[in-house]
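Comments concern the structure below.
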Amino acid sequence: MPANVQKHSVGEELAAAIRQGVPRRPGVYLFQDETGKTIYIGKSINLRQRMLTYFTGYPARIERHVGQMTLGIRAFDYLETDTELLALLLEDALSKRELPPYNIRQLKFEQYRYLVLSDDRYPTCRIGDREEASSGTVFGPFGDVYFATAVLEIVHRHFLLRSCVDPNPFRRSLNFELGLCSGPCWNGTSVSDYGFIVSRVKAFLSGRDDWIAGKLQASISSSSAALNYEKAAKLKTELEFCKAFCARQRFIHRFRIGRLTVRELGDRGASYEFAQGNLVSVRPLDRKSGRRGVGGRELVPDLADPRKMLDRANLIYSWLGRDRDNREHGFV
């Protein structure tokens, strides 16, 4: 009983401190345990309201794993931002730096899968984890190995990229026997011809769906003409998958190599400009409000790691998709 009373008292003290000192503004909050270690980082458009939900008896608003964490909170800190997107980016950057144990998104980030296109004489594509995403050309991120496998199967089935992993292929594979590989091991294709296949694969994994869409659409038409409607339906599903996949990959590719403008509409609307993944300017849509600051060093993650660059692009793409009526983007 005394232990429970003590925990309850700590929660009341934290709640009182939040009411007194935390503003009702967008930003990021950090919870620390008794050793001073950051155990959870969150973001909100209303810091005070969100932080109080952990201590004022509203468990339904808190994720189950976070509810277990709440009893270990002994201190907090917070950083204000001008907008929701800045809070989202700051939360992501701090989570990757602090590695708080209760941040599920950060835990998922460590488990993401990627497609890695090798730089061999006859490149091949394989599924890699965070350790293997440091060489070759990296595409992703993919939430699990099943999605990555589905994309890789399309690459092998339609583009005829080799699936063996030897730097210099020398033995015939099952995919070659099934007509799913161009066969560089048997001089079935020259280095230059195989390079053309690789360029198509790179284009597809970077978001270009024109070639694969044309190929699938032709197959759908021929299957329908032959009254093979079951096959046509499967191909149509595959075509829809490719288009959705390429839409995301197109955004990610342009985000990491070029300039991108993201706009959030509404009363507190702002325009954010990114250059090769870095946030370089934030401007209010209402010109009378003046230019807003980008933020401190916390908003500049280590984008030299390709996984972090890809994850930042994916984070913004998901944020845009959650409220399409009030958010838009364009390439510069």
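Chain labels follow the order of the structure tokens: the first chain is A, the next B, and so on; residue numbering restarts at 1 in every chain, and ligands are counted from 1 in their shown order.
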(request) List every residue of segment 6-238 of chain A that DSSP, applied to the backbone, labels as strand (DSSP E or B), and write the result as a VMD selection string. (result) chain A and resid 27 to 32 38 to 44 75 to 80 113 to 117 125 to 128 137 to 142
Export C-alpha atoms of the chosen residues as a short mmCIF file (atom, residue, chain, number, x, y, z; two decimals), in the first residue's frame?
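Resulting contents of out_29.cif:
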data_model
loop_
_atom_site.label_atom_id
_atom_site.label_comp_id
_atom_site.auth_asym_id
_atom_site.auth_seq_id
_atom_site.Cartn_x
_atom_site.Cartn_y
_atom_site.Cartn_z
CA GLY A 27 5.79 20.30 -29.44
CA VAL A 28 7.57 17.24 -28.15
CA TYR A 29 7.63 15.89 -24.60
CA LEU A 30 10.19 13.59 -22.99
CA PHE A 31 9.57 11.41 -19.94
CA GLN A 32 12.48 10.26 -17.77
CA THR A 38 14.54 9.12 -21.35
CA ILE A 39 12.06 6.26 -21.55
CA TYR A 40 9.43 7.78 -23.85
CA ILE A 41 9.19 10.62 -26.36
CA GLY A 42 5.89 11.83 -27.75
CA LYS A 43 4.50 14.75 -29.72
CA SER A 44 1.25 16.68 -29.67
CA ALA A 75 10.51 13.73 -14.53
CA PHE A 76 9.68 15.33 -17.85
CA ASP A 77 10.96 17.87 -20.33
CA TYR A 78 9.41 19.44 -23.42
CA LEU A 79 10.35 21.41 -26.52
CA GLU A 80 7.89 23.72 -28.27
CA ARG A 113 13.48 -4.53 -44.11
CA TYR A 114 15.00 -3.08 -47.28
CA LEU A 115 15.70 -4.14 -50.83
CA VAL A 116 19.40 -3.85 -51.59
CA LEU A 117 20.55 -3.78 -55.21
CA CYS A 125 18.49 -7.68 -55.48
CA ARG A 126 18.05 -9.11 -52.00
CA ILE A 127 16.11 -8.41 -48.82
CA GLY A 128 18.30 -6.85 -46.14
CA THR A 137 21.60 0.87 -53.57
CA VAL A 138 18.97 0.72 -50.83
CA PHE A 139 15.20 0.94 -51.31
CA GLY A 140 12.45 0.94 -48.70
CA PRO A 141 11.68 0.95 -45.88
CA PHE A 142 9.32 -2.03 -45.70
#
Please list as a compact mmCIF listing (two decimals) with N, CA, C and O atoms, in the first residue's frame every residue within 12 Å of Arg105 of chain A, counting only C-alpha atoms and excluding residues in the same chain fewer than 2 positions away.
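Result written to result-v6.txt:
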# COMPACT_ATOMS: atom_id res chain seq x y z
N TYR A 40 10.49 7.59 -22.86
CA TYR A 40 9.43 7.78 -23.85
C TYR A 40 9.48 9.19 -24.40
O TYR A 40 9.72 10.16 -23.66
N ILE A 41 9.27 9.32 -25.70
CA ILE A 41 9.19 10.62 -26.36
C ILE A 41 7.91 10.65 -27.18
O ILE A 41 7.63 9.71 -27.94
N GLY A 42 7.13 11.69 -27.00
CA GLY A 42 5.89 11.83 -27.75
C GLY A 42 5.75 13.23 -28.32
O GLY A 42 6.56 14.12 -28.02
N LEU A 88 6.49 16.48 -35.28
CA LEU A 88 6.66 15.12 -35.76
C LEU A 88 8.12 14.84 -36.13
O LEU A 88 8.69 13.80 -35.77
N GLU A 91 10.23 14.77 -32.89
CA GLU A 91 10.02 13.51 -32.17
C GLU A 91 10.84 12.39 -32.81
O GLU A 91 11.50 11.59 -32.12
N ASP A 92 10.83 12.33 -34.13
CA ASP A 92 11.55 11.27 -34.84
C ASP A 92 13.06 11.41 -34.63
O ASP A 92 13.75 10.42 -34.35
N ALA A 93 13.58 12.63 -34.76
CA ALA A 93 15.02 12.83 -34.61
C ALA A 93 15.48 12.51 -33.20
O ALA A 93 16.52 11.86 -33.00
N SER A 95 13.98 10.55 -31.02
CA SER A 95 13.82 9.12 -30.75
C SER A 95 14.99 8.32 -31.29
O SER A 95 15.46 7.37 -30.66
N LYS A 96 15.48 8.70 -32.45
CA LYS A 96 16.63 7.99 -33.03
C LYS A 96 17.91 8.29 -32.27
O LYS A 96 18.85 7.49 -32.28
N LEU A 99 16.88 6.73 -28.28
CA LEU A 99 16.47 5.32 -28.28
C LEU A 99 15.62 4.96 -27.04
O LEU A 99 15.94 4.04 -26.30
N PRO A 100 14.53 5.69 -26.81
CA PRO A 100 13.68 5.39 -25.65
C PRO A 100 13.03 4.01 -25.80
O PRO A 100 12.51 3.68 -26.87
N PRO A 101 13.03 3.20 -24.75
CA PRO A 101 12.58 1.80 -24.87
C PRO A 101 11.08 1.64 -25.12
O PRO A 101 10.67 0.57 -25.57
N TYR A 102 10.26 2.65 -24.84
CA TYR A 102 8.81 2.51 -25.00
C TYR A 102 8.28 3.13 -26.30
O TYR A 102 7.07 3.14 -26.51
N ASN A 103 9.14 3.63 -27.14
CA ASN A 103 8.68 4.19 -28.42
C ASN A 103 8.56 3.08 -29.46
O ASN A 103 9.58 2.61 -30.00
N LEU A 107 11.19 1.18 -32.27
CA LEU A 107 11.46 -0.26 -32.23
C LEU A 107 11.17 -0.88 -33.60
O LEU A 107 11.91 -1.75 -34.06
N LYS A 108 10.10 -0.42 -34.25
CA LYS A 108 9.78 -0.93 -35.58
C LYS A 108 10.85 -0.52 -36.59
O LYS A 108 11.19 -1.28 -37.50
N PHE A 109 11.38 0.70 -36.44
CA PHE A 109 12.42 1.17 -37.34
C PHE A 109 13.62 0.23 -37.34
O PHE A 109 14.21 -0.06 -38.38
N GLU A 110 13.98 -0.28 -36.17
CA GLU A 110 15.11 -1.18 -36.07
C GLU A 110 14.82 -2.53 -36.74
O GLU A 110 15.74 -3.30 -37.02
N GLN A 111 13.53 -2.83 -36.97
CA GLN A 111 13.16 -4.11 -37.55
C GLN A 111 12.74 -4.01 -39.02
O GLN A 111 12.36 -5.01 -39.62
N TYR A 112 12.81 -2.82 -39.60
CA TYR A 112 12.43 -2.65 -41.00
C TYR A 112 13.29 -3.51 -41.92
O TYR A 112 14.43 -3.85 -41.61
N GLY A 143 7.77 -2.45 -43.89
CA GLY A 143 7.40 -2.76 -42.52
C GLY A 143 7.70 -4.18 -42.10
O GLY A 143 7.92 -4.44 -40.92
N ASP A 311 13.48 6.65 -43.85
CA ASP A 311 12.43 6.67 -42.82
C ASP A 311 11.84 8.06 -42.67
O ASP A 311 10.63 8.21 -42.45
N LEU A 315 7.98 8.85 -43.22
CA LEU A 315 7.24 9.51 -42.14
C LEU A 315 6.40 10.66 -42.69
O LEU A 315 5.21 10.80 -42.38
(message) Which residues are close to Arg327 of chain A, i.e. within 8 Å by only C-alpha atoms, leaving aside same-chain residues fewer than 6 positions away? Reply as a VMD selection string.
(response) chain A and resid 262 to 265 320
With C-alpha atoms retained, export the selected residues as an mmCIF file, in the first residue's frame.
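File produced: part27.cif:
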data_model
loop_
_atom_site.group_PDB
_atom_site.id
_atom_site.type_symbol
_atom_site.label_atom_id
_atom_site.label_comp_id
_atom_site.auth_asym_id
_atom_site.auth_seq_id
_atom_site.Cartn_x
_atom_site.Cartn_y
_atom_site.Cartn_z
ATOM 1 C CA VAL A 262 5.103 20.343 -48.283
ATOM 2 C CA ARG A 263 2.174 22.583 -47.460
ATOM 3 C CA GLU A 264 -0.178 22.392 -44.505
ATOM 4 C CA LEU A 265 -3.337 24.423 -45.045
ATOM 5 C CA LEU A 320 0.482 13.743 -45.776
#
(message) Which residues are close to segment 216-227 of chain A, i.e. within 12 Å by only C-alpha atoms, leaving aside same-chain residues fewer than 3 positions away? Reply as a list in words.
(response)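 What passes the distance filter is Ile154, Arg157, His158, Phe159, Asp209, Asp210, Trp211, Ile212, Ala213, Glu230, Lys231, Ala232, Ala233, Lys234, Leu235, Lys236, Thr237, Glu238, Leu239, Glu240, Phe241, Cys242 and Lys243 of chain A.
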(message) I'd like the contact shell of Arg48 of chain A - 10 Å cut-off, only C-alpha atoms, skipping same-chain residues fewer than 5 positions apart - returned as a ChimeraX atom specification.
(response) /A:15,18-27,29,53,78
(request) Could you give me, as a PyMOL selection string, the residues within 9 Å of Gly277 of chain A, counting only C-alpha atoms and dropping anything in the same chain fewer than 4 positions from it? (result) chain A and resi 255-260+303+309-310+312-313
Selection to disk with all heavy atoms, as a compact mmCIF listing (two decimals), in the first residue's frame:
# COMPACT_ATOMS: atom_id res chain seq x y z
N PHE A 255 12.29 12.90 -52.58
CA PHE A 255 12.60 13.52 -51.29
C PHE A 255 14.10 13.45 -51.01
O PHE A 255 14.70 14.40 -50.54
CB PHE A 255 11.84 12.81 -50.18
CG PHE A 255 12.08 13.37 -48.81
CD1 PHE A 255 11.36 14.45 -48.34
CD2 PHE A 255 13.05 12.82 -47.97
CE1 PHE A 255 11.59 14.97 -47.06
CE2 PHE A 255 13.29 13.32 -46.71
CZ PHE A 255 12.56 14.40 -46.26
N ARG A 256 14.73 12.32 -51.33
CA ARG A 256 16.12 12.16 -50.94
C ARG A 256 17.12 12.68 -51.98
O ARG A 256 18.29 12.83 -51.67
CB ARG A 256 16.43 10.71 -50.60
CG ARG A 256 16.34 9.71 -51.74
CD ARG A 256 16.78 8.34 -51.24
NE ARG A 256 16.61 7.30 -52.23
CZ ARG A 256 17.06 6.06 -52.09
NH1 ARG A 256 17.72 5.73 -50.99
NH2 ARG A 256 16.86 5.16 -53.02
N ILE A 257 16.66 12.97 -53.21
CA ILE A 257 17.63 13.44 -54.20
C ILE A 257 17.38 14.88 -54.65
O ILE A 257 18.27 15.50 -55.24
CB ILE A 257 17.64 12.54 -55.45
CG1 ILE A 257 16.34 12.72 -56.25
CG2 ILE A 257 17.90 11.10 -55.10
CD1 ILE A 257 16.42 12.16 -57.66
N GLY A 258 16.20 15.43 -54.39
CA GLY A 258 15.88 16.75 -54.92
C GLY A 258 15.33 17.70 -53.88
O GLY A 258 15.65 17.60 -52.70
N ARG A 259 14.49 18.61 -54.34
CA ARG A 259 13.85 19.60 -53.46
C ARG A 259 12.35 19.33 -53.44
O ARG A 259 11.75 19.04 -54.48
CB ARG A 259 14.13 21.02 -53.94
CG ARG A 259 15.61 21.36 -53.97
CD ARG A 259 15.83 22.79 -54.38
NE ARG A 259 15.53 23.72 -53.29
CZ ARG A 259 16.41 24.10 -52.37
NH1 ARG A 259 17.64 23.61 -52.38
NH2 ARG A 259 16.08 24.96 -51.43
N LEU A 260 11.77 19.45 -52.27
CA LEU A 260 10.37 19.11 -52.07
C LEU A 260 9.71 20.16 -51.19
O LEU A 260 10.30 20.60 -50.20
CB LEU A 260 10.26 17.73 -51.42
CG LEU A 260 8.88 17.31 -50.91
CD1 LEU A 260 7.98 16.95 -52.09
CD2 LEU A 260 9.00 16.11 -49.98
N LEU A 303 21.46 11.99 -41.64
CA LEU A 303 20.91 11.51 -42.90
C LEU A 303 21.97 10.83 -43.76
O LEU A 303 21.68 10.40 -44.88
CB LEU A 303 20.26 12.67 -43.67
CG LEU A 303 19.05 13.29 -42.97
CD1 LEU A 303 18.47 14.40 -43.82
CD2 LEU A 303 17.99 12.25 -42.65
N MET A 309 17.34 8.44 -43.77
CA MET A 309 16.81 9.27 -44.85
C MET A 309 15.50 8.68 -45.37
O MET A 309 14.50 9.38 -45.53
CB MET A 309 17.82 9.35 -45.99
CG MET A 309 17.27 9.97 -47.27
SD MET A 309 16.98 11.73 -47.14
CE MET A 309 18.64 12.33 -47.44
N LEU A 310 15.49 7.37 -45.62
CA LEU A 310 14.29 6.71 -46.13
C LEU A 310 13.15 6.79 -45.12
O LEU A 310 11.98 7.00 -45.49
CB LEU A 310 14.60 5.25 -46.45
CG LEU A 310 15.56 4.99 -47.61
CD1 LEU A 310 15.95 3.52 -47.67
CD2 LEU A 310 14.96 5.43 -48.93
N ARG A 312 12.66 9.10 -42.80
CA ARG A 312 12.12 10.47 -42.72
C ARG A 312 11.16 10.72 -43.88
O ARG A 312 10.09 11.30 -43.70
CB ARG A 312 13.25 11.50 -42.73
CG ARG A 312 12.75 12.92 -42.85
CD ARG A 312 13.85 13.95 -42.74
NE ARG A 312 14.02 14.38 -41.35
CZ ARG A 312 14.52 15.56 -40.99
NH1 ARG A 312 14.91 16.42 -41.89
NH2 ARG A 312 14.63 15.89 -39.72
N ALA A 313 11.53 10.27 -45.08
CA ALA A 313 10.66 10.44 -46.24
C ALA A 313 9.36 9.68 -46.04
O ALA A 313 8.26 10.18 -46.33
CB ALA A 313 11.37 9.96 -47.51
(request) List every residue of segment 103-270 of chain A that DSSP, applied to the backbone of this structure, assigns to alpha helix (DSSP H), and report them as a ChimeraX atom specification. (result) /A:104-111,145-159,174-177,191-205,210-225,229-257
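Proximity of A:Ala148, A:Ile104, A:Ile316, A:Val10 to Tyr54 of chain A, computed with only C-alpha atoms, is greatest for A:Val10.
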(request) Measure the distance from atom CA of Lys37 of chain A to atom CA of Glu84 of chain A in Å and round it to one decimal. (result) 25.4 Å
(request) Take atom CA of Gly214 of chain A and atom CA of Leu160 of chain A and report the distance between them in Å, one decimal. (result) 16.1 Å
